[in-house]
Amino acid sequence: MSDPEASGGARAANPADGASERESARVPEASRAAPTARPAVRSPYSDGEWHRLHPLTPLLRGGLTLLVIIGVIVANLRERLVELLFPVFTDLPPGELPPDPVDFLFANNLILIVGGATLALLIVLLVLFRLSWRFHTLRIGDDDVEVRSGVLFRTHRRAPLDRVQGVNLTRPMIARLLGLAKLEVVGAGLDANVKLEYLSGKDADAIRGDILRLASGRRRLAAGQSPESGRSSLARQAAAAVGSGLQGLVDGEDLSDAEPESIVRIPVGRLVASRVLSGSTVFLIALVVGIVVAASLSTLWLLFTVVPMFLAFGAYYVRSVARGLRYSIAPTPDGVRVTFGLFTTVSEIVPPGRVHAIEVRQPLLWRPFGWWTVSVNRLSGRSSTDSSTDQLAAVLPIGTRDDVERVLEILAPALTGGEWTSVFRDGILGPVQDDPYVTTPARARWLRPLSWRRNGVLLTDAALLMRRGWVWRSLSILPLARLQSVGLEQGPLARAFGAATLTGHVIAGTVQTSVGALDRDEAVRMFERTASTTVAAAATDRSHRWAG
């Protein structure tokens, strides 16, 4: 990245930016720059040997089975539970409550048989959980992370360290109470992730640091903590984890691994307002209008269609707001760390060179407030049907222009000071009078009747910029070092009006990577320049081994 003072001065000097007083709001130099190299950590799991996960892992991984069993017990003992919790209802006339299965068991002398069968089932489950834990092992070597699991059917997963796309640390609510967390090593490919669930919070932080340190090209330390010093009895490990989780409830969430401080703060009011002013709310209003009209004709169908829809909308709003709470984003020696989530806290680190495309987007309802959102395309290592993939794409749920600038400076450090004008004034806020973008010619404007003024593409030394949209403004930034190929397309209508579509091929995701209705001759020249510049950028890129 260029000198922050120089780049900031270039942007502030532009009258269209309106940023003469915004320099004081920028993140300090010490926070924006990559922090100094932290001391290398060495967890007991990172000695190249096979290790088992935390002994409380079976409790969390088998929790669904236990919940089902508890649900069956509660459903069958509902009368006794009602009598215990609400004694006033015990005087109800006969037949108000269904017969109690326990009375049936006593009346037919089956209580010992059922009790023995229940005890045997619990013993079998405990044995299976124990075997599952013993056969679930992990190893962190110099070249890869491996996990073996399964008792009857064995599974062996391996993630090469030089292909690691990120490391996500997740703390679900129940696991957080027990002082545990799970790691997900993001691999390069579909369903290529390696999951380490569960580990103590301290071990999870240390292992994540080790994986990123080895993936960066740094060698393993010759000396460090002895693996034996990190081992103890199963009971002691379980007690320590639970004690840590309970202490965390008193002290609050441990954010010691979130240094340096987040460069963006999202007020709760802005987060809630952004979710209300969204396309989903517009659809909800239209649904309410339809309900009012239909209710005058019939009401029976509302119970089966409308009520579930409102419940789904409510769950969506609660989930989206809860996900945006506790949000933070900060540069670290191993990449950009993004943390979010109230109930389930997710902390992911995206190493340098793993962001394949960036999009700054502004819905129409956000425009009066100057709010934007930033999303990225990167390898998630998950299957295409995994719904959580899109959730991990948004690295800035809602932010002002200053917030967007800070986030782009750490996501796209290769952009030089002179290129920021093309990004913000000409790209995000533009176009302006001296527009440098290749745009839609006058003869093809009817192909983009609303957005022809903003439709455009620009090639810089570091990225391919694609500007589009009038109702939903957006700017896509495709780093040339990550660009896989570039394509030029022309349909029959575009051919008739001398227009073409330019597409940048990157990792699939939510970011739009094509612009249509461009002048054909300009698009051909842009195609040739992009192809040659991309080859040169890829030949000199070393970001995938950022410490090698």
# chains A, B, ... in the order shown; residues from 1 in each chain; ligands from 1
call {"tool": "residues_around", "arguments": {"residues": "Trp133 of chain A", "least_positions_apart": "3", "cutoff": "8 Å", "atoms": "only C-alpha atoms", "output": "PDB file with N, CA, C and O atoms, in the first residue's frame"}}
result
ATOM      1  N   ARG A  52      -5.807 -35.964  20.120  1.00  0.00           N
ATOM      2  CA  ARG A  52      -7.267 -36.003  20.207  1.00  0.00           C
ATOM      3  C   ARG A  52      -7.798 -34.610  20.539  1.00  0.00           C
ATOM      4  O   ARG A  52      -7.085 -33.780  21.092  1.00  0.00           O
ATOM      5  N   LEU A  53      -9.050 -34.408  20.217  1.00  0.00           N
ATOM      6  CA  LEU A  53      -9.692 -33.136  20.503  1.00  0.00           C
ATOM      7  C   LEU A  53     -10.115 -33.081  21.970  1.00  0.00           C
ATOM      8  O   LEU A  53      -9.835 -34.003  22.748  1.00  0.00           O
ATOM      9  N   PRO A  55     -12.006 -33.413  25.432  1.00  0.00           N
ATOM     10  CA  PRO A  55     -12.865 -34.518  25.883  1.00  0.00           C
ATOM     11  C   PRO A  55     -14.342 -34.173  25.950  1.00  0.00           C
ATOM     12  O   PRO A  55     -15.180 -35.080  26.004  1.00  0.00           O
ATOM     13  N   THR A  57     -15.894 -32.820  23.540  1.00  0.00           N
ATOM     14  CA  THR A  57     -16.369 -32.810  22.154  1.00  0.00           C
ATOM     15  C   THR A  57     -17.578 -33.706  21.932  1.00  0.00           C
ATOM     16  O   THR A  57     -18.546 -33.285  21.280  1.00  0.00           O
ATOM     17  N   PRO A  58     -17.605 -34.951  22.445  1.00  0.00           N
ATOM     18  CA  PRO A  58     -18.789 -35.803  22.227  1.00  0.00           C
ATOM     19  C   PRO A  58     -20.064 -35.191  22.771  1.00  0.00           C
ATOM     20  O   PRO A  58     -21.141 -35.388  22.208  1.00  0.00           O
ATOM     21  N   PHE A 129     -20.078 -42.298  22.008  1.00  0.00           N
ATOM     22  CA  PHE A 129     -19.466 -40.981  22.083  1.00  0.00           C
ATOM     23  C   PHE A 129     -17.993 -41.095  22.430  1.00  0.00           C
ATOM     24  O   PHE A 129     -17.149 -40.386  21.883  1.00  0.00           O
ATOM     25  N   ARG A 130     -17.685 -41.994  23.353  1.00  0.00           N
ATOM     26  CA  ARG A 130     -16.286 -42.174  23.764  1.00  0.00           C
ATOM     27  C   ARG A 130     -15.442 -42.708  22.611  1.00  0.00           C
ATOM     28  O   ARG A 130     -14.327 -42.225  22.358  1.00  0.00           O
ATOM     29  N   HIS A 136     -11.199 -39.705  16.745  1.00  0.00           N
ATOM     30  CA  HIS A 136     -11.198 -38.404  16.082  1.00  0.00           C
ATOM     31  C   HIS A 136      -9.923 -37.673  16.479  1.00  0.00           C
ATOM     32  O   HIS A 136      -9.814 -37.144  17.581  1.00  0.00           O
ATOM     33  N   THR A 137      -8.951 -37.645  15.597  1.00  0.00           N
ATOM     34  CA  THR A 137      -7.637 -37.085  15.912  1.00  0.00           C
ATOM     35  C   THR A 137      -7.232 -36.062  14.853  1.00  0.00           C
ATOM     36  O   THR A 137      -7.746 -36.057  13.735  1.00  0.00           O
TER      37      THR A 137
END
call {"tool": "atom_distance", "arguments": {"atom1": "atom CA of Leu161 of chain A", "atom2": "atom CA of Leu396 of chain A"}}
result
27.2 Å
call {"tool": "closest_residue", "arguments": {"among": "A:Thr503, A:Ser320, A:Ser274, A:Ser485", "to": "Gly370 of chain A", "atoms": "only C-alpha atoms"}}
result
A:Ser274
call {"tool": "closest_residue", "arguments": {"among": "A:Leu450, A:Ile211, A:Val321, A:Ala462", "to": "Val145 of chain A", "atoms": "only C-alpha atoms"}}
result
A:Ile211
call {"tool": "residues_around", "arguments": {"residues": "Val268 of chain A", "least_positions_apart": "2", "cutoff": "9 Å", "atoms": "only C-alpha atoms", "output": "list in words"}}
result
Ile266, Arg270, Leu271, Val272, Ala273, Val321, Gly324 and Leu325 of chain A
call {"tool": "atom_distance", "arguments": {"atom1": "atom CA of Tyr45 of chain A", "atom2": "atom CA of Leu199 of chain A"}}
result
10.4 Å
call {"tool": "residues_around", "arguments": {"residues": "Leu126 of chain A", "least_positions_apart": "5", "cutoff": "10 Å", "atoms": "only C-alpha atoms", "output": "list in words"}}
result
Pro58, Leu59, Gly62, Ala120, Leu121, Leu131 and Ser132 of chain A
call {"tool": "write_last_selection", "arguments": {"atoms": "all heavy atoms", "output": "CSV table (one decimal), in the first residue's frame"}}
result
chain,number,residue,atom,x,y,z
A,58,PRO,N,-17.6,-35.0,22.4
A,58,PRO,CA,-18.8,-35.8,22.2
A,58,PRO,C,-20.1,-35.2,22.8
A,58,PRO,O,-21.1,-35.4,22.2
A,58,PRO,CB,-18.4,-37.1,23.0
A,58,PRO,CG,-16.9,-37.1,23.0
A,58,PRO,CD,-16.5,-35.7,23.1
A,59,LEU,N,-20.0,-34.4,23.9
A,59,LEU,CA,-21.2,-33.8,24.5
A,59,LEU,C,-21.8,-32.8,23.5
A,59,LEU,O,-23.0,-32.8,23.3
A,59,LEU,CB,-20.8,-33.1,25.8
A,59,LEU,CG,-21.9,-32.4,26.5
A,59,LEU,CD1,-23.0,-33.3,26.9
A,59,LEU,CD2,-21.4,-31.6,27.7
A,62,GLY,N,-22.8,-34.7,20.0
A,62,GLY,CA,-23.9,-35.6,20.2
A,62,GLY,C,-25.1,-34.9,20.8
A,62,GLY,O,-26.0,-35.5,21.3
A,120,ALA,N,-29.4,-49.0,29.5
A,120,ALA,CA,-28.6,-49.7,28.5
A,120,ALA,C,-28.4,-48.7,27.3
A,120,ALA,O,-27.3,-48.6,26.8
A,120,ALA,CB,-29.2,-51.0,28.0
A,121,LEU,N,-29.5,-48.0,26.9
A,121,LEU,CA,-29.3,-47.1,25.8
A,121,LEU,C,-28.4,-46.0,26.1
A,121,LEU,O,-27.5,-45.6,25.3
A,121,LEU,CB,-30.7,-46.5,25.5
A,121,LEU,CG,-30.8,-45.4,24.4
A,121,LEU,CD1,-30.3,-46.0,23.1
A,121,LEU,CD2,-32.2,-44.9,24.2
A,131,LEU,N,-16.0,-43.7,21.9
A,131,LEU,CA,-15.2,-44.2,20.7
A,131,LEU,C,-15.1,-43.2,19.7
A,131,LEU,O,-14.0,-43.1,19.0
A,131,LEU,CB,-16.0,-45.5,20.2
A,131,LEU,CG,-15.9,-46.7,21.0
A,131,LEU,CD1,-16.8,-47.8,20.4
A,131,LEU,CD2,-14.5,-47.2,21.2
A,132,SER,N,-16.1,-42.4,19.4
A,132,SER,CA,-16.0,-41.3,18.4
A,132,SER,C,-14.9,-40.4,18.8
A,132,SER,O,-14.2,-39.9,17.9
A,132,SER,CB,-17.4,-40.6,18.3
A,132,SER,OG,-17.3,-39.5,17.4
call {"tool": "decode", "arguments": {"residues": "segment 327-341 of chain A", "atoms": "all heavy atoms", "output": "PDB file, in the first residue's frame"}}
result
ATOM      1  N   TYR A 327     -19.558  -6.624  15.744  1.00  0.00           N
ATOM      2  CA  TYR A 327     -18.768  -6.634  14.517  1.00  0.00           C
ATOM      3  C   TYR A 327     -17.454  -5.893  14.731  1.00  0.00           C
ATOM      4  O   TYR A 327     -17.390  -4.859  15.403  1.00  0.00           O
ATOM      5  CB  TYR A 327     -19.554  -5.970  13.390  1.00  0.00           C
ATOM      6  CG  TYR A 327     -18.723  -5.657  12.165  1.00  0.00           C
ATOM      7  CD1 TYR A 327     -18.506  -6.609  11.178  1.00  0.00           C
ATOM      8  CD2 TYR A 327     -18.136  -4.407  12.005  1.00  0.00           C
ATOM      9  CE1 TYR A 327     -17.744  -6.323  10.060  1.00  0.00           C
ATOM     10  CE2 TYR A 327     -17.378  -4.104  10.888  1.00  0.00           C
ATOM     11  CZ  TYR A 327     -17.185  -5.070   9.924  1.00  0.00           C
ATOM     12  OH  TYR A 327     -16.409  -4.781   8.828  1.00  0.00           O
ATOM     13  N   SER A 328     -16.399  -6.425  14.149  1.00  0.00           N
ATOM     14  CA  SER A 328     -15.108  -5.737  14.133  1.00  0.00           C
ATOM     15  C   SER A 328     -14.326  -6.221  12.926  1.00  0.00           C
ATOM     16  O   SER A 328     -14.505  -7.346  12.452  1.00  0.00           O
ATOM     17  CB  SER A 328     -14.306  -6.003  15.418  1.00  0.00           C
ATOM     18  OG  SER A 328     -13.880  -7.345  15.479  1.00  0.00           O
ATOM     19  N   ILE A 329     -13.463  -5.360  12.416  1.00  0.00           N
ATOM     20  CA  ILE A 329     -12.576  -5.707  11.310  1.00  0.00           C
ATOM     21  C   ILE A 329     -11.255  -5.000  11.561  1.00  0.00           C
ATOM     22  O   ILE A 329     -11.235  -3.823  11.935  1.00  0.00           O
ATOM     23  CB  ILE A 329     -13.180  -5.316   9.951  1.00  0.00           C
ATOM     24  CG1 ILE A 329     -12.242  -5.725   8.803  1.00  0.00           C
ATOM     25  CG2 ILE A 329     -13.525  -3.846   9.888  1.00  0.00           C
ATOM     26  CD1 ILE A 329     -12.872  -5.583   7.429  1.00  0.00           C
ATOM     27  N   ALA A 330     -10.162  -5.728  11.409  1.00  0.00           N
ATOM     28  CA  ALA A 330      -8.851  -5.157  11.743  1.00  0.00           C
ATOM     29  C   ALA A 330      -7.768  -5.874  10.953  1.00  0.00           C
ATOM     30  O   ALA A 330      -7.888  -7.062  10.631  1.00  0.00           O
ATOM     31  CB  ALA A 330      -8.575  -5.290  13.237  1.00  0.00           C
ATOM     32  N   PRO A 331      -6.686  -5.161  10.615  1.00  0.00           N
ATOM     33  CA  PRO A 331      -5.529  -5.815   9.983  1.00  0.00           C
ATOM     34  C   PRO A 331      -4.693  -6.535  11.025  1.00  0.00           C
ATOM     35  O   PRO A 331      -4.552  -6.077  12.155  1.00  0.00           O
ATOM     36  CB  PRO A 331      -4.769  -4.632   9.372  1.00  0.00           C
ATOM     37  CG  PRO A 331      -5.097  -3.471  10.261  1.00  0.00           C
ATOM     38  CD  PRO A 331      -6.501  -3.702  10.750  1.00  0.00           C
ATOM     39  N   THR A 332      -4.159  -7.685  10.657  1.00  0.00           N
ATOM     40  CA  THR A 332      -3.262  -8.451  11.518  1.00  0.00           C
ATOM     41  C   THR A 332      -2.043  -8.858  10.691  1.00  0.00           C
ATOM     42  O   THR A 332      -2.049  -8.718   9.458  1.00  0.00           O
ATOM     43  CB  THR A 332      -3.954  -9.720  12.068  1.00  0.00           C
ATOM     44  OG1 THR A 332      -4.137 -10.655  10.996  1.00  0.00           O
ATOM     45  CG2 THR A 332      -5.301  -9.384  12.685  1.00  0.00           C
ATOM     46  N   PRO A 333      -1.000  -9.361  11.333  1.00  0.00           N
ATOM     47  CA  PRO A 333       0.160  -9.807  10.552  1.00  0.00           C
ATOM     48  C   PRO A 333      -0.159 -10.906   9.558  1.00  0.00           C
ATOM     49  O   PRO A 333       0.555 -11.089   8.583  1.00  0.00           O
ATOM     50  CB  PRO A 333       1.130 -10.304  11.637  1.00  0.00           C
ATOM     51  CG  PRO A 333       0.727  -9.603  12.877  1.00  0.00           C
ATOM     52  CD  PRO A 333      -0.760  -9.445  12.784  1.00  0.00           C
ATOM     53  N   ASP A 334      -1.262 -11.657   9.781  1.00  0.00           N
ATOM     54  CA  ASP A 334      -1.600 -12.773   8.904  1.00  0.00           C
ATOM     55  C   ASP A 334      -2.810 -12.501   8.030  1.00  0.00           C
ATOM     56  O   ASP A 334      -3.352 -13.424   7.434  1.00  0.00           O
ATOM     57  CB  ASP A 334      -1.849 -14.035   9.739  1.00  0.00           C
ATOM     58  CG  ASP A 334      -0.572 -14.542  10.387  1.00  0.00           C
ATOM     59  OD1 ASP A 334       0.453 -14.628   9.692  1.00  0.00           O
ATOM     60  OD2 ASP A 334      -0.589 -14.825  11.599  1.00  0.00           O
ATOM     61  N   GLY A 335      -3.247 -11.258   7.928  1.00  0.00           N
ATOM     62  CA  GLY A 335      -4.367 -10.947   7.066  1.00  0.00           C
ATOM     63  C   GLY A 335      -5.402 -10.086   7.766  1.00  0.00           C
ATOM     64  O   GLY A 335      -5.150  -9.483   8.804  1.00  0.00           O
ATOM     65  N   VAL A 336      -6.593 -10.069   7.194  1.00  0.00           N
ATOM     66  CA  VAL A 336      -7.695  -9.260   7.710  1.00  0.00           C
ATOM     67  C   VAL A 336      -8.578 -10.150   8.578  1.00  0.00           C
ATOM     68  O   VAL A 336      -9.017 -11.215   8.137  1.00  0.00           O
ATOM     69  CB  VAL A 336      -8.517  -8.655   6.554  1.00  0.00           C
ATOM     70  CG1 VAL A 336      -9.695  -7.852   7.106  1.00  0.00           C
ATOM     71  CG2 VAL A 336      -7.636  -7.778   5.680  1.00  0.00           C
ATOM     72  N   ARG A 337      -8.814  -9.699   9.821  1.00  0.00           N
ATOM     73  CA  ARG A 337      -9.680 -10.457  10.703  1.00  0.00           C
ATOM     74  C   ARG A 337     -11.041  -9.777  10.774  1.00  0.00           C
ATOM     75  O   ARG A 337     -11.155  -8.579  11.025  1.00  0.00           O
ATOM     76  CB  ARG A 337      -9.114 -10.558  12.114  1.00  0.00           C
ATOM     77  CG  ARG A 337     -10.020 -11.376  13.017  1.00  0.00           C
ATOM     78  CD  ARG A 337      -9.751 -11.309  14.496  1.00  0.00           C
ATOM     79  NE  ARG A 337      -9.041 -10.136  14.887  1.00  0.00           N
ATOM     80  CZ  ARG A 337      -7.778 -10.172  15.345  1.00  0.00           C
ATOM     81  NH1 ARG A 337      -7.144 -11.310  15.392  1.00  0.00           N
ATOM     82  NH2 ARG A 337      -7.195  -9.057  15.728  1.00  0.00           N
ATOM     83  N   VAL A 338     -12.107 -10.572  10.554  1.00  0.00           N
ATOM     84  CA  VAL A 338     -13.488 -10.098  10.636  1.00  0.00           C
ATOM     85  C   VAL A 338     -14.185 -10.913  11.717  1.00  0.00           C
ATOM     86  O   VAL A 338     -14.197 -12.141  11.661  1.00  0.00           O
ATOM     87  CB  VAL A 338     -14.229 -10.245   9.290  1.00  0.00           C
ATOM     88  CG1 VAL A 338     -15.649  -9.710   9.398  1.00  0.00           C
ATOM     89  CG2 VAL A 338     -13.472  -9.536   8.181  1.00  0.00           C
ATOM     90  N   THR A 339     -14.773 -10.218  12.698  1.00  0.00           N
ATOM     91  CA  THR A 339     -15.473 -10.865  13.804  1.00  0.00           C
ATOM     92  C   THR A 339     -16.900 -10.351  13.841  1.00  0.00           C
ATOM     93  O   THR A 339     -17.133  -9.149  13.681  1.00  0.00           O
ATOM     94  CB  THR A 339     -14.782 -10.576  15.144  1.00  0.00           C
ATOM     95  OG1 THR A 339     -13.422 -11.000  15.083  1.00  0.00           O
ATOM     96  CG2 THR A 339     -15.476 -11.311  16.286  1.00  0.00           C
ATOM     97  N   PHE A 340     -17.858 -11.245  14.042  1.00  0.00           N
ATOM     98  CA  PHE A 340     -19.259 -10.838  14.081  1.00  0.00           C
ATOM     99  C   PHE A 340     -20.060 -11.889  14.835  1.00  0.00           C
ATOM    100  O   PHE A 340     -19.599 -13.015  15.057  1.00  0.00           O
ATOM    101  CB  PHE A 340     -19.824 -10.656  12.667  1.00  0.00           C
ATOM    102  CG  PHE A 340     -19.688 -11.876  11.797  1.00  0.00           C
ATOM    103  CD1 PHE A 340     -20.638 -12.878  11.813  1.00  0.00           C
ATOM    104  CD2 PHE A 340     -18.587 -12.038  10.967  1.00  0.00           C
ATOM    105  CE1 PHE A 340     -20.507 -14.004  11.018  1.00  0.00           C
ATOM    106  CE2 PHE A 340     -18.443 -13.160  10.159  1.00  0.00           C
ATOM    107  CZ  PHE A 340     -19.415 -14.149  10.194  1.00  0.00           C
ATOM    108  N   GLY A 341     -21.270 -11.512  15.234  1.00  0.00           N
ATOM    109  CA  GLY A 341     -22.192 -12.452  15.851  1.00  0.00           C
ATOM    110  C   GLY A 341     -22.390 -12.201  17.326  1.00  0.00           C
ATOM    111  O   GLY A 341     -21.427 -11.994  18.069  1.00  0.00           O
TER     112      GLY A 341
END
